[in-house]
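Source file: structure.pdb; contents: PDB, C-alpha atoms.
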ATOM      1  CA  MET A   1     -10.215 -97.636  39.016
ATOM      2  CA  ARG A   2      -9.874-101.210  37.810
ATOM      3  CA  ASP A   3     -13.205-100.930  35.969
ATOM      4  CA  ALA A   4     -12.007 -97.759  34.209
ATOM      5  CA  ASN A   5      -8.759 -99.434  33.189
ATOM      6  CA  ARG A   6     -10.633-102.482  31.928
ATOM      7  CA  ASP A   7     -13.009-100.297  29.885
ATOM      8  CA  ARG A   8     -10.073 -98.408  28.399
ATOM      9  CA  HIS A   9      -8.298-101.624  27.380
ATOM     10  CA  SER A  10     -11.542-103.025  25.907
ATOM     11  CA  ALA A  11     -12.173 -99.899  23.822
ATOM     12  CA  GLY A  12      -8.554 -99.868  22.659
ATOM     13  CA  ALA A  13      -8.759-103.499  21.561
ATOM     14  CA  ARG A  14     -11.913-102.741  19.588
ATOM     15  CA  VAL A  15     -10.237 -99.778  17.905
ATOM     16  CA  ARG A  16      -7.420-102.067  16.779
ATOM     17  CA  GLN A  17      -9.898-104.707  15.585
ATOM     18  CA  ALA A  18     -11.859-102.135  13.567
ATOM     19  CA  ARG A  19      -8.677-100.671  12.082
ATOM     20  CA  ILE A  20      -7.440-104.083  10.929
ATOM     21  CA  ALA A  21     -10.878-104.925   9.526
ATOM     22  CA  ALA A  22     -10.804-101.655   7.570
ATOM     23  CA  GLY A  23      -7.416-102.562   6.100
ATOM     24  CA  LEU A  24      -5.714 -99.495   7.562
ATOM     25  CA  SER A  25      -2.199 -99.239   8.961
ATOM     26  CA  LEU A  26      -1.578 -97.550  12.292
ATOM     27  CA  ARG A  27       0.176 -94.644  10.544
ATOM     28  CA  ALA A  28      -2.539 -94.142   7.908
ATOM     29  CA  THR A  29      -5.262 -94.115  10.563
ATOM     30  CA  ALA A  30      -3.297 -91.674  12.712
ATOM     31  CA  GLN A  31      -2.881 -89.320   9.753
ATOM     32  CA  GLN A  32      -6.626 -89.255   9.103
ATOM     33  CA  LEU A  33      -7.292 -88.558  12.783
ATOM     34  CA  ARG A  34      -4.611 -85.858  12.975
ATOM     35  CA  VAL A  35      -2.860 -87.634  15.825
ATOM     36  CA  SER A  36       0.588 -89.140  16.065
ATOM     37  CA  PRO A  37       1.048 -92.894  15.525
ATOM     38  CA  ALA A  38       2.371 -93.041  19.103
ATOM     39  CA  THR A  39      -0.889 -91.590  20.450
ATOM     40  CA  LEU A  40      -3.040 -94.024  18.465
ATOM     41  CA  SER A  41      -0.855 -96.920  19.598
ATOM     42  CA  ALA A  42      -1.344 -95.806  23.223
ATOM     43  CA  VAL A  43      -5.123 -95.782  22.667
ATOM     44  CA  GLU A  44      -5.096 -99.270  21.165
ATOM     45  CA  ASN A  45      -2.963-100.591  24.029
ATOM     46  CA  GLY A  46      -5.180 -99.024  26.690
ATOM     47  CA  LYS A  47      -2.438 -96.683  27.915
ATOM     48  CA  THR A  48      -4.466 -93.514  27.395
ATOM     49  CA  GLY A  49      -8.166 -92.764  27.484
ATOM     50  CA  ILE A  50     -10.404 -91.897  24.541
ATOM     51  CA  SER A  51     -12.415 -88.678  24.630
ATOM     52  CA  ILE A  52     -15.959 -88.577  23.255
ATOM     53  CA  PRO A  53     -14.970 -86.384  20.245
ATOM     54  CA  ARG A  54     -12.116 -88.756  19.411
ATOM     55  CA  LEU A  55     -14.438 -91.777  19.700
ATOM     56  CA  HIS A  56     -16.729 -90.203  17.112
ATOM     57  CA  ALA A  57     -13.767 -89.450  14.843
ATOM     58  CA  LEU A  58     -12.488 -93.020  15.205
ATOM     59  CA  ALA A  59     -15.909 -94.445  14.385
ATOM     60  CA  THR A  60     -16.073 -92.332  11.207
ATOM     61  CA  VAL A  61     -12.558 -93.171  10.038
ATOM     62  CA  LEU A  62     -12.908 -96.887  10.805
ATOM     63  CA  GLY A  63     -16.405 -97.266   9.371
ATOM     64  CA  THR A  64     -18.034 -98.416  12.592
ATOM     65  CA  THR A  65     -20.067 -96.876  15.421
ATOM     66  CA  VAL A  66     -19.273 -95.384  18.813
ATOM     67  CA  SER A  67     -21.635 -97.950  20.343
ATOM     68  CA  TRP A  68     -19.533-100.777  18.964
ATOM     69  CA  LEU A  69     -16.242 -99.208  20.030
ATOM     70  CA  VAL A  70     -17.448 -98.932  23.641
ATOM     71  CA  GLY A  71     -18.910-102.445  23.629
ATOM     72  CA  GLU A  72     -22.601-101.571  23.531
ATOM     73  CA  HIS A  73     -23.299-103.029  20.066
ATOM     74  CA  GLU A  74     -22.239-106.264  18.402
ATOM     75  CA  SER A  75     -22.084-105.128  14.768
ATOM     76  CA  LEU A  76     -18.677-103.868  13.646
ATOM     77  CA  THR A  77     -19.956-101.637  10.822
ATOM     78  CA  GLY A  78     -22.744 -99.113  11.190
ATOM     79  CA  GLY A  79     -25.747 -98.770   8.839
ATOM     80  CA  ASN A  80     -24.992 -99.214   5.149
ATOM     81  CA  LEU A  81     -21.511 -97.727   5.401
ATOM     82  CA  ARG A  82     -18.790-100.099   4.248
ATOM     83  CA  PRO A  83     -15.231 -99.376   5.390
ATOM     84  CA  ARG A  84     -13.645 -99.535   1.943
ATOM     85  CA  GLU A  85     -16.094 -97.020   0.460
ATOM     86  CA  ARG A  86     -15.390 -94.516   3.213
ATOM     87  CA  LEU A  87     -11.635 -94.943   3.256
ATOM     88  CA  GLU A  88     -11.234 -93.659  -0.284
ATOM     89  CA  SER A  89     -12.865 -90.284   0.377
ATOM     90  CA  PRO A  90     -11.322 -88.395   3.347
ATOM     91  CA  ALA A  91      -8.531 -85.954   2.591
ATOM     92  CA  GLU A  92      -5.277 -86.344   4.425
ATOM     93  CA  PRO A  93      -4.946 -83.832   7.285
ATOM     94  CA  GLY A  94      -3.637 -80.481   6.156
ATOM     95  CA  THR A  95      -4.650 -80.930   2.500
ATOM     96  CA  GLU A  96      -7.897 -78.979   2.847
ATOM     97  CA  SER A  97      -5.913 -75.740   2.457
ATOM     98  CA  PRO A  98      -2.284 -75.210   1.400
ATOM     99  CA  ASN A  99      -1.779 -72.917   4.412
ATOM    100  CA  ALA A 100      -3.870 -74.764   7.013
ATOM    101  CA  TRP A 101      -0.792 -75.376   9.147
ATOM    102  CA  ARG A 102      -0.207 -71.620   9.409
ATOM    103  CA  LYS A 103      -3.674 -70.998  10.866
ATOM    104  CA  PHE A 104      -4.378 -71.268  14.591
ATOM    105  CA  PRO A 105      -8.052 -71.307  15.518
ATOM    106  CA  SER A 106      -8.889 -71.853  19.168
ATOM    107  CA  LEU A 107      -8.343 -75.435  20.299
ATOM    108  CA  ASP A 108     -11.423 -77.388  21.357
ATOM    109  CA  ILE A 109     -10.374 -78.154  24.940
ATOM    110  CA  ASP A 110     -12.795 -79.055  27.739
ATOM    111  CA  PRO A 111     -12.855 -76.689  30.767
ATOM    112  CA  VAL A 112     -11.102 -79.113  33.126
ATOM    113  CA  LEU A 113      -8.153 -79.668  30.807
ATOM    114  CA  ALA A 114      -7.973 -75.948  29.972
ATOM    115  CA  GLU A 115      -7.742 -75.032  33.657
ATOM    116  CA  ALA A 116      -5.247 -77.817  34.328
ATOM    117  CA  ILE A 117      -3.001 -76.450  31.569
ATOM    118  CA  SER A 118      -3.181 -72.957  33.081
ATOM    119  CA  ALA A 119      -2.475 -74.349  36.551
ATOM    120  CA  PHE A 120       0.542 -76.341  35.353
ATOM    121  CA  VAL A 121       1.963 -73.188  33.757
ATOM    122  CA  GLU A 122       1.330 -70.996  36.805
ATOM    123  CA  THR A 123       2.296 -73.332  39.664
ATOM    124  CA  GLY A 124       3.963 -76.288  37.962
ATOM    125  CA  TYR A 125       2.640 -79.845  37.834
ATOM    126  CA  HIS A 126       3.570 -80.621  41.426
ATOM    127  CA  GLY A 127       2.132 -77.347  42.710
ATOM    128  CA  ALA A 128      -1.297 -78.007  41.177
ATOM    129  CA  THR A 129      -3.853 -80.291  42.804
ATOM    130  CA  MET A 130      -7.045 -81.890  41.542
ATOM    131  CA  ARG A 131      -8.907 -79.777  44.107
ATOM    132  CA  SER A 132      -7.387 -76.526  42.852
ATOM    133  CA  ILE A 133      -8.089 -77.510  39.240
ATOM    134  CA  ALA A 134     -11.708 -78.324  40.129
ATOM    135  CA  ARG A 135     -12.072 -74.924  41.822
ATOM    136  CA  ARG A 136     -10.648 -73.132  38.784
ATOM    137  CA  ALA A 137     -13.032 -75.029  36.477
ATOM    138  CA  GLY A 138     -16.043 -74.318  38.703
ATOM    139  CA  MET A 139     -16.647 -78.026  39.278
ATOM    140  CA  SER A 140     -16.737 -80.394  42.216
ATOM    141  CA  VAL A 141     -13.730 -82.617  42.844
ATOM    142  CA  PRO A 142     -15.782 -85.802  42.125
ATOM    143  CA  GLY A 143     -16.934 -84.144  38.895
ATOM    144  CA  VAL A 144     -13.329 -83.679  37.778
ATOM    145  CA  TYR A 145     -12.487 -87.276  38.676
ATOM    146  CA  HIS A 146     -15.420 -88.401  36.541
ATOM    147  CA  HIS A 147     -13.588 -87.046  33.475
ATOM    148  CA  TYR A 148      -9.946 -87.543  34.488
ATOM    149  CA  ARG A 149      -8.788 -90.336  36.773
ATOM    150  CA  ASP A 150      -5.849 -88.368  38.228
ATOM    151  CA  LYS A 151      -3.479 -85.439  37.693
ATOM    152  CA  GLN A 152      -1.126 -87.576  35.588
ATOM    153  CA  HIS A 153      -3.994 -88.238  33.178
ATOM    154  CA  LEU A 154      -4.454 -84.475  32.729
ATOM    155  CA  LEU A 155      -0.755 -83.967  32.039
ATOM    156  CA  VAL A 156      -0.709 -86.809  29.513
ATOM    157  CA  ARG A 157      -3.775 -85.400  27.726
ATOM    158  CA  ALA A 158      -2.092 -81.986  27.486
ATOM    159  CA  LEU A 159       1.090 -83.493  26.057
ATOM    160  CA  ASP A 160      -0.837 -85.763  23.664
ATOM    161  CA  LEU A 161      -2.712 -82.702  22.416
ATOM    162  CA  THR A 162       0.609 -80.936  21.881
ATOM    163  CA  MET A 163       2.138 -83.827  19.954
ATOM    164  CA  ASP A 164      -0.994 -84.377  17.854
ATOM    165  CA  GLU A 165      -0.934 -80.709  16.805
ATOM    166  CA  LEU A 166       2.781 -80.733  16.063
ATOM    167  CA  HIS A 167       2.670 -83.935  14.010
ATOM    168  CA  TRP A 168      -0.096 -82.862  11.646
ATOM    169  CA  ARG A 169       1.268 -79.317  11.289
ATOM    170  CA  VAL A 170       4.821 -80.443  10.510
ATOM    171  CA  ARG A 171       3.618 -82.987   7.951
ATOM    172  CA  ALA A 172       1.283 -80.464   6.325
ATOM    173  CA  ALA A 173       4.082 -77.875   6.211
ATOM    174  CA  ARG A 174       6.394 -80.321   4.452
ATOM    175  CA  ARG A 175       3.762 -81.058   1.813
ATOM    176  CA  ASP A 176       3.743 -77.366   0.899
ATOM    177  CA  ALA A 177       7.405 -77.474  -0.197
ATOM    178  CA  ASP A 178       9.067 -79.385  -3.025
ATOM    179  CA  THR A 179      12.743 -79.017  -2.077
ATOM    180  CA  GLY A 180      14.804 -79.924   0.953
ATOM    181  CA  ARG A 181      15.575 -76.297   1.772
ATOM    182  CA  GLY A 182      11.881 -75.478   1.434
ATOM    183  CA  ARG A 183      10.887 -78.299   3.770
ATOM    184  CA  VAL A 184      13.455 -77.243   6.377
ATOM    185  CA  SER A 185      12.163 -73.679   6.209
ATOM    186  CA  HIS A 186       8.535 -74.785   6.499
ATOM    187  CA  VAL A 187       9.138 -77.246   9.339
ATOM    188  CA  VAL A 188      10.965 -74.604  11.366
ATOM    189  CA  GLU A 189       8.212 -72.116  10.616
ATOM    190  CA  ALA A 190       5.570 -74.640  11.774
ATOM    191  CA  LEU A 191       7.482 -75.345  14.996
ATOM    192  CA  ALA A 192       7.968 -71.648  15.752
ATOM    193  CA  LEU A 193       4.322 -70.831  15.034
ATOM    194  CA  PHE A 194       3.091 -73.551  17.371
ATOM    195  CA  HIS A 195       5.456 -72.560  20.180
ATOM    196  CA  THR A 196       4.278 -68.948  19.992
ATOM    197  CA  HIS A 197       0.547 -69.333  19.244
ATOM    198  CA  HIS A 198       0.114 -72.166  21.782
ATOM    199  CA  ARG A 199       2.662 -70.949  24.280
ATOM    200  CA  GLU A 200       1.049 -72.570  27.361
ATOM    201  CA  LEU A 201       0.925 -76.054  25.835
ATOM    202  CA  ALA A 202       4.445 -75.690  24.502
ATOM    203  CA  PHE A 203       5.721 -74.482  27.891
ATOM    204  CA  ILE A 204       4.327 -77.577  29.604
ATOM    205  CA  GLY A 205       5.916 -79.781  26.956
ATOM    206  CA  ALA A 206       9.289 -78.214  27.653
ATOM    207  CA  SER A 207       9.068 -78.124  31.446
ATOM    208  CA  GLU A 208       7.031 -81.098  32.658
ATOM    209  CA  MET A 209       8.423 -84.148  30.864
ATOM    210  CA  ARG A 210      10.158 -84.995  34.150
ATOM    211  CA  SER A 211       6.737 -85.263  35.820
ATOM    212  CA  LEU A 212       5.538 -88.108  33.578
ATOM    213  CA  THR A 213       5.581 -91.722  34.657
ATOM    214  CA  GLN A 214       8.248 -93.813  32.979
ATOM    215  CA  ASP A 215       5.918 -95.373  30.402
ATOM    216  CA  ASN A 216       4.280 -92.073  29.511
ATOM    217  CA  ARG A 217       7.628 -90.302  29.262
ATOM    218  CA  ARG A 218       8.973 -92.998  26.955
ATOM    219  CA  ARG A 219       5.933 -92.729  24.663
ATOM    220  CA  ILE A 220       5.997 -88.932  24.436
ATOM    221  CA  THR A 221       9.768 -88.980  23.930
ATOM    222  CA  ASN A 222       9.374 -91.407  21.027
ATOM    223  CA  SER A 223       6.797 -89.094  19.470
ATOM    224  CA  ARG A 224       9.179 -86.141  19.829
ATOM    225  CA  ASN A 225      12.036 -88.121  18.346
ATOM    226  CA  GLU A 226       9.910 -88.927  15.317
ATOM    227  CA  LEU A 227       9.570 -85.203  14.596
ATOM    228  CA  GLN A 228      13.303 -84.688  15.066
ATOM    229  CA  TYR A 229      14.038 -87.471  12.582
ATOM    230  CA  ILE A 230      11.751 -85.795  10.036
ATOM    231  CA  LEU A 231      13.697 -82.545  10.374
ATOM    232  CA  ASP A 232      17.007 -84.435  10.213
ATOM    233  CA  GLU A 233      15.953 -86.052   6.943
ATOM    234  CA  ASP A 234      14.988 -82.704   5.434
ATOM    235  CA  ILE A 235      18.271 -81.159   6.580
ATOM    236  CA  ASP A 236      20.235 -83.945   4.874
ATOM    237  CA  THR A 237      18.264 -83.409   1.671
ATOM    238  CA  ALA A 238      18.782 -79.653   1.784
ATOM    239  CA  LEU A 239      22.528 -79.953   2.382
ATOM    240  CA  ASN A 240      22.903 -82.473  -0.433
ATOM    241  CA  GLU A 241      20.973 -80.168  -2.786
ATOM    242  CA  GLU A 242      23.442 -77.390  -1.982
ATOM    243  CA  ASN A 243      26.499 -79.687  -2.113
ATOM    244  CA  LEU A 244      27.298 -78.761   1.485
ATOM    245  CA  PRO A 245      28.948 -81.043   4.094
ATOM    246  CA  THR A 246      26.664 -83.053   6.371
ATOM    247  CA  ALA A 247      29.164 -83.928   9.116
ATOM    248  CA  ARG A 248      27.534 -81.636  11.678
ATOM    249  CA  ALA A 249      23.976 -81.957  10.414
ATOM    250  CA  ARG A 250      22.656 -83.781  13.499
ATOM    251  CA  ILE A 251      24.068 -81.200  15.894
ATOM    252  CA  ALA A 252      22.603 -78.420  13.763
ATOM    253  CA  GLY A 253      19.225 -80.187  13.727
ATOM    254  CA  ARG A 254      19.074 -80.327  17.510
ATOM    255  CA  ALA A 255      20.186 -76.705  17.784
ATOM    256  CA  ILE A 256      17.386 -75.666  15.427
ATOM    257  CA  THR A 257      14.776 -77.657  17.359
ATOM    258  CA  THR A 258      15.949 -76.277  20.711
ATOM    259  CA  MET A 259      15.799 -72.767  19.271
ATOM    260  CA  CYS A 260      12.086 -73.317  18.585
ATOM    261  CA  THR A 261      11.161 -75.160  21.787
ATOM    262  CA  SER A 262      12.705 -72.392  23.923
ATOM    263  CA  LEU A 263      10.342 -69.757  22.488
ATOM    264  CA  PRO A 264       7.688 -70.128  25.256
ATOM    265  CA  GLN A 265      10.278 -69.057  27.836
ATOM    266  CA  TRP A 266      10.355 -65.485  26.538
ATOM    267  CA  PHE A 267       7.850 -64.853  23.742
ATOM    268  CA  ARG A 268       4.791 -62.688  24.510
ATOM    269  CA  LEU A 269       1.792 -62.269  22.247
ATOM    270  CA  ASP A 270       1.666 -58.609  23.289
ATOM    271  CA  GLY A 271       5.366 -58.132  22.526
ATOM    272  CA  PRO A 272       6.948 -56.198  19.656
ATOM    273  CA  ALA A 273       6.998 -59.130  17.196
ATOM    274  CA  THR A 274       4.147 -61.331  15.956
ATOM    275  CA  PRO A 275       4.326 -65.149  15.841
ATOM    276  CA  GLU A 276       4.515 -64.913  12.056
ATOM    277  CA  GLN A 277       7.485 -62.551  12.188
ATOM    278  CA  ILE A 278       9.259 -64.796  14.682
ATOM    279  CA  ALA A 279       8.581 -67.862  12.525
ATOM    280  CA  ALA A 280       9.941 -66.156   9.406
ATOM    281  CA  GLU A 281      13.067 -65.035  11.249
ATOM    282  CA  TYR A 282      13.652 -68.499  12.694
ATOM    283  CA  ALA A 283      13.289 -70.141   9.283
ATOM    284  CA  GLY A 284      15.995 -67.788   8.045
ATOM    285  CA  PHE A 285      18.167 -68.496  11.099
ATOM    286  CA  ALA A 286      17.889 -72.244  10.435
ATOM    287  CA  LEU A 287      19.058 -71.914   6.834
ATOM    288  CA  ASP A 288      21.885 -69.600   7.936
ATOM    289  CA  LEU A 289      22.996 -72.120  10.555
ATOM    290  CA  LEU A 290      23.158 -74.825   7.902
ATOM    291  CA  GLY A 291      25.210 -72.572   5.618
ATOM    292  CA  ILE A 292      22.399 -72.290   3.093
ATOM    293  CA  ARG A 293      22.073 -68.829   1.576
ATOM    294  CA  VAL A 294      18.540 -67.455   1.865
ATOM    295  CA  ARG A 295      16.963 -66.709  -1.510
ATOM    296  CA  GLY A 296      13.945 -64.709  -2.479
ATOM    297  CA  SER A 297      12.209 -67.950  -3.447
ATOM    298  CA  ASP A 298      12.369 -69.084   0.198
ATOM    299  CA  ALA A 299       9.551 -66.597   0.863
ATOM    300  CA  ILE A 300      10.951 -65.586   4.236
ATOM    301  CA  VAL A 301       9.368 -62.249   5.080
ATOM    302  CA  ARG A 302      10.766 -60.734   8.241
ATOM    303  CA  GLY A 303       8.364 -57.813   8.558
ATOM    304  CA  ASP A 304       9.195 -54.156   9.060
ATOM    305  CA  ARG A 305       9.663 -54.478  12.825
ATOM    306  CA  GLY A 306      12.502 -56.996  12.461
ATOM    307  CA  LEU A 307      14.008 -58.108  15.763
ATOM    308  CA  GLU A 308      13.537 -54.848  17.617
ATOM    309  CA  GLY A 309      12.584 -55.521  21.214
ATOM    310  CA  PHE A 310      13.851 -59.115  21.307
ATOM    311  CA  PRO A 311      15.527 -60.110  24.588
ATOM    312  CA  ALA A 312      19.294 -59.897  24.642
TER     313      ALA A 312
END
Take the structure from the file and write it as structure tokens.
Amino acid sequence: MRDANRDRHSAGARVRQARIAAGLSLRATAQQLRVSPATLSAVENGKTGISIPRLHALATVLGTTVSWLVGEHESLTGGNLRPRERLESPAEPGTESPNAWRKFPSLDIDPVLAEAISAFVETGYHGATMRSIARRAGMSVPGVYHHYRDKQHLLVRALDLTMDELHWRVRAARRDADTGRGRVSHVVEALALFHTHHRELAFIGASEMRSLTQDNRRRITNSRNELQYILDEDIDTALNEENLPTARARIAGRAITTMCTSLPQWFRLDGPATPEQIAAEYAGFALDLLGIRVRGSDAIVRGDRGLEGFPA
């Protein structure tokens, strides 16, 4: 266990060294990796592990090699690639397509984490065991421990995945709007789409924060707060554009967020409404709550099924 912790801290320190050498800020690097700044900070400080796919992504973004990041090579840069040349080329996450944040391809999750997520949803964090997760994944218990040091590690990876997805989607959604009201509408749409398309991950995020250790809970909470502050800023802008009072803006912002995060408690993919219909309705609800009249230019399309079949 101590060796694993030492390796994690060593890799994190090398990530930070490579980032500084590349002249990148923590936030800029996180954006290129499609992770939250809080997640990247946890990696650099050795508080969370680094998967093989993320190591390769880090090496590409930072202009180095996986071998160097894990301490197997002494040269910081790989081949003829110079950090400054590479840094000018990658597109910011979400810019490859104006509607990328509305699309939900299957997440690339390893079998152990996928089964852990299902187990946490079905039996709760405390009801699941590493043995039961191993059995679900068709692996031996030692095999699971080779990839994840304990059950807390699995929970943290699930929540990090959730926050990484939410951060890049919210930021991409905001870039597709040029007014405050448009950004509010898009952010709410992005939140509602995630909480319906990725219902299991979202359910864990809403129900298992209490199961995190103090340090992990503080880090994930900070990441969540960052998203709330983004929505708060857009709400202020939208209200000012409409010359509406902002006295209750913070309360409204939390009500809007809670409206979205509660979706996994009742939404069903086989239900009467699609995620896209729900997201469009919720964007309209958010503007209504703020006292902003919905216009045709808001592009909120409720669909011909409306709210029929929604729970009372």
* Asked: Hey, which of A:Arg169, A:Met139, A:Glu200, A:Val70 ends up closest to Arg14 (chain A)? Count all atoms listed in the file.
  ->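 Of all the options, A:Val70 lies closest to Arg14 (chain A).
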* To do: Go ahead and compute the interatomic distance for CA of Leu161 (chain A) and CA of Ala283 (chain A), in Å to one decimal.
  =>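 If I compute the distance from CA of Leu161 (chain A) to CA of Ala283 (chain A), I get 24.2 Å.
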Excluding Leu166 (chain A) and residues on its chain fewer than 3 positions from it, collect all residues at most 10 Å away from it, counting all atoms listed in the file, and give them as a PDB file with C-alpha atoms, in the frame of the given file.
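File written: result.pdb
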ATOM      1  CA  ARG A  34      -4.611 -85.858  12.975  1.00  0.00           C
ATOM      2  CA  VAL A  35      -2.860 -87.634  15.825  1.00  0.00           C
ATOM      3  CA  SER A  36       0.588 -89.140  16.065  1.00  0.00           C
ATOM      4  CA  TRP A 101      -0.792 -75.376   9.147  1.00  0.00           C
ATOM      5  CA  ASP A 160      -0.837 -85.763  23.664  1.00  0.00           C
ATOM      6  CA  LEU A 161      -2.712 -82.702  22.416  1.00  0.00           C
ATOM      7  CA  THR A 162       0.609 -80.936  21.881  1.00  0.00           C
ATOM      8  CA  MET A 163       2.138 -83.827  19.954  1.00  0.00           C
ATOM      9  CA  ARG A 169       1.268 -79.317  11.289  1.00  0.00           C
ATOM     10  CA  VAL A 170       4.821 -80.443  10.510  1.00  0.00           C
ATOM     11  CA  ARG A 171       3.618 -82.987   7.951  1.00  0.00           C
ATOM     12  CA  ALA A 172       1.283 -80.464   6.325  1.00  0.00           C
ATOM     13  CA  VAL A 187       9.138 -77.246   9.339  1.00  0.00           C
ATOM     14  CA  ALA A 190       5.570 -74.640  11.774  1.00  0.00           C
ATOM     15  CA  LEU A 191       7.482 -75.345  14.996  1.00  0.00           C
ATOM     16  CA  PHE A 194       3.091 -73.551  17.371  1.00  0.00           C
ATOM     17  CA  HIS A 195       5.456 -72.560  20.180  1.00  0.00           C
ATOM     18  CA  ALA A 202       4.445 -75.690  24.502  1.00  0.00           C
ATOM     19  CA  SER A 223       6.797 -89.094  19.470  1.00  0.00           C
ATOM     20  CA  ARG A 224       9.179 -86.141  19.829  1.00  0.00           C
ATOM     21  CA  LEU A 227       9.570 -85.203  14.596  1.00  0.00           C
TER      22      LEU A 227
END
* Asked: What is the CA of Asp176 (chain A) to CA of Arg219 (chain A) distance in Å?
  ->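 That distance, rounded to one decimal, is 28.4 Å.
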* **d(CA of Ala21 (chain A), CA of Ala38 (chain A)) in Å** =>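 Here the two named atoms are 20.2 Å from each other.
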Contact residues around Gly291 (chain A) with only C-alpha atoms at 10 Å, ignoring same-chain residues under 6 positions, as an mmCIF file with C-alpha atoms, keeping the file's coordinate frame:
data_model
loop_
_atom_site.group_PDB
_atom_site.id
_atom_site.type_symbol
_atom_site.label_atom_id
_atom_site.label_comp_id
_atom_site.auth_asym_id
_atom_site.auth_seq_id
_atom_site.Cartn_x
_atom_site.Cartn_y
_atom_site.Cartn_z
ATOM 1 C CA LEU A 239 22.528 -79.953 2.382
ATOM 2 C CA GLU A 242 23.442 -77.390 -1.982
ATOM 3 C CA LEU A 244 27.298 -78.761 1.485
ATOM 4 C CA PRO A 245 28.948 -81.043 4.094
ATOM 5 C CA PHE A 285 18.167 -68.496 11.099
#
* Find, counting only C-alpha atoms, the residue in A:Gln17, A:Thr221, A:Asn45, A:Thr179 that gets nearest to Ala59 (chain A). =>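 Nearest to Ala59 (chain A): A:Gln17.
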* So which residues fall inside 7 Å of (-8.8, -87.3, 19.0) if we count all atoms listed in the file? Mind giving them as JSON, numbers by chain? -> {"A": [33, 35, 51, 53, 54, 57]}
* Asked: What residues come out when you apply the PyMOL selection byres ((chain A and resi 289) around 12) to this file, written as a PyMOL selection string?
  -> chain A and resi 184-185+235+239+248-249+251-256+259+282-288+290-294
Fewer than 5 positions away in the same chain doesn't count, so skip those; otherwise give me all residues within 10 Å of region 123-133 of chain A, counting only C-alpha atoms, as an mmCIF file with C-alpha atoms, in the frame of the given file.
data_model
loop_
_atom_site.group_PDB
_atom_site.id
_atom_site.type_symbol
_atom_site.label_atom_id
_atom_site.label_comp_id
_atom_site.auth_asym_id
_atom_site.auth_seq_id
_atom_site.Cartn_x
_atom_site.Cartn_y
_atom_site.Cartn_z
ATOM 1 C CA PRO A 111 -12.855 -76.689 30.767
ATOM 2 C CA VAL A 112 -11.102 -79.113 33.126
ATOM 3 C CA LEU A 113 -8.153 -79.668 30.807
ATOM 4 C CA ALA A 114 -7.973 -75.948 29.972
ATOM 5 C CA GLU A 115 -7.742 -75.032 33.657
ATOM 6 C CA ALA A 116 -5.247 -77.817 34.328
ATOM 7 C CA ILE A 117 -3.001 -76.450 31.569
ATOM 8 C CA SER A 118 -3.181 -72.957 33.081
ATOM 9 C CA GLY A 138 -16.043 -74.318 38.703
ATOM 10 C CA MET A 139 -16.647 -78.026 39.278
ATOM 11 C CA SER A 140 -16.737 -80.394 42.216
ATOM 12 C CA VAL A 141 -13.730 -82.617 42.844
ATOM 13 C CA PRO A 142 -15.782 -85.802 42.125
ATOM 14 C CA VAL A 144 -13.329 -83.679 37.778
ATOM 15 C CA TYR A 145 -12.487 -87.276 38.676
ATOM 16 C CA TYR A 148 -9.946 -87.543 34.488
ATOM 17 C CA ARG A 149 -8.788 -90.336 36.773
ATOM 18 C CA ASP A 150 -5.849 -88.368 38.228
ATOM 19 C CA LYS A 151 -3.479 -85.439 37.693
ATOM 20 C CA GLN A 152 -1.126 -87.576 35.588
ATOM 21 C CA LEU A 154 -4.454 -84.475 32.729
ATOM 22 C CA LEU A 155 -0.755 -83.967 32.039
ATOM 23 C CA ILE A 204 4.327 -77.577 29.604
ATOM 24 C CA SER A 207 9.068 -78.124 31.446
ATOM 25 C CA GLU A 208 7.031 -81.098 32.658
ATOM 26 C CA ARG A 210 10.158 -84.995 34.150
ATOM 27 C CA SER A 211 6.737 -85.263 35.820
ATOM 28 C CA LEU A 212 5.538 -88.108 33.578
#
* To do: Between A:Trp168, A:Glu189, A:Phe120, A:Ile278, single out the one closest to Ala206 (chain A), counting all atoms listed in the file.
  =>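 Answer, going by the shortest atom-to-atom distance: A:Phe120.
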* **Nearest-residue call for Glu276 (chain A), choices A:Arg295, A:Thr196, A:Thr237, A:Asp215, using only C-alpha atoms** =>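 Of A:Arg295, A:Thr196, A:Thr237, A:Asp215, the one nearest Glu276 (chain A) is A:Thr196, counting only C-alpha atoms.
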* Looking at only C-alpha atoms, which of A:Pro98, A:Pro272, A:Gly143, A:Pro37 is the one that sits closest to Ala173 (chain A)? -> A:Pro98
Selection result for the PyMOL selection byres ((chain A and resi 12) around 10) on this file, as a CSV table (one decimal) with C-alpha atoms, in the frame of the given file:
chain,number,residue,atom,x,y,z
A,6,ARG,CA,-10.6,-102.5,31.9
A,7,ASP,CA,-13.0,-100.3,29.9
A,8,ARG,CA,-10.1,-98.4,28.4
A,9,HIS,CA,-8.3,-101.6,27.4
A,10,SER,CA,-11.5,-103.0,25.9
A,11,ALA,CA,-12.2,-99.9,23.8
A,13,ALA,CA,-8.8,-103.5,21.6
A,14,ARG,CA,-11.9,-102.7,19.6
A,15,VAL,CA,-10.2,-99.8,17.9
A,16,ARG,CA,-7.4,-102.1,16.8
A,17,GLN,CA,-9.9,-104.7,15.6
A,18,ALA,CA,-11.9,-102.1,13.6
A,40,LEU,CA,-3.0,-94.0,18.5
A,41,SER,CA,-0.9,-96.9,19.6
A,42,ALA,CA,-1.3,-95.8,23.2
A,43,VAL,CA,-5.1,-95.8,22.7
A,44,GLU,CA,-5.1,-99.3,21.2
A,45,ASN,CA,-3.0,-100.6,24.0
A,46,GLY,CA,-5.2,-99.0,26.7
A,47,LYS,CA,-2.4,-96.7,27.9
A,48,THR,CA,-4.5,-93.5,27.4
A,49,GLY,CA,-8.2,-92.8,27.5
A,50,ILE,CA,-10.4,-91.9,24.5
A,69,LEU,CA,-16.2,-99.2,20.0
A,70,VAL,CA,-17.4,-98.9,23.6
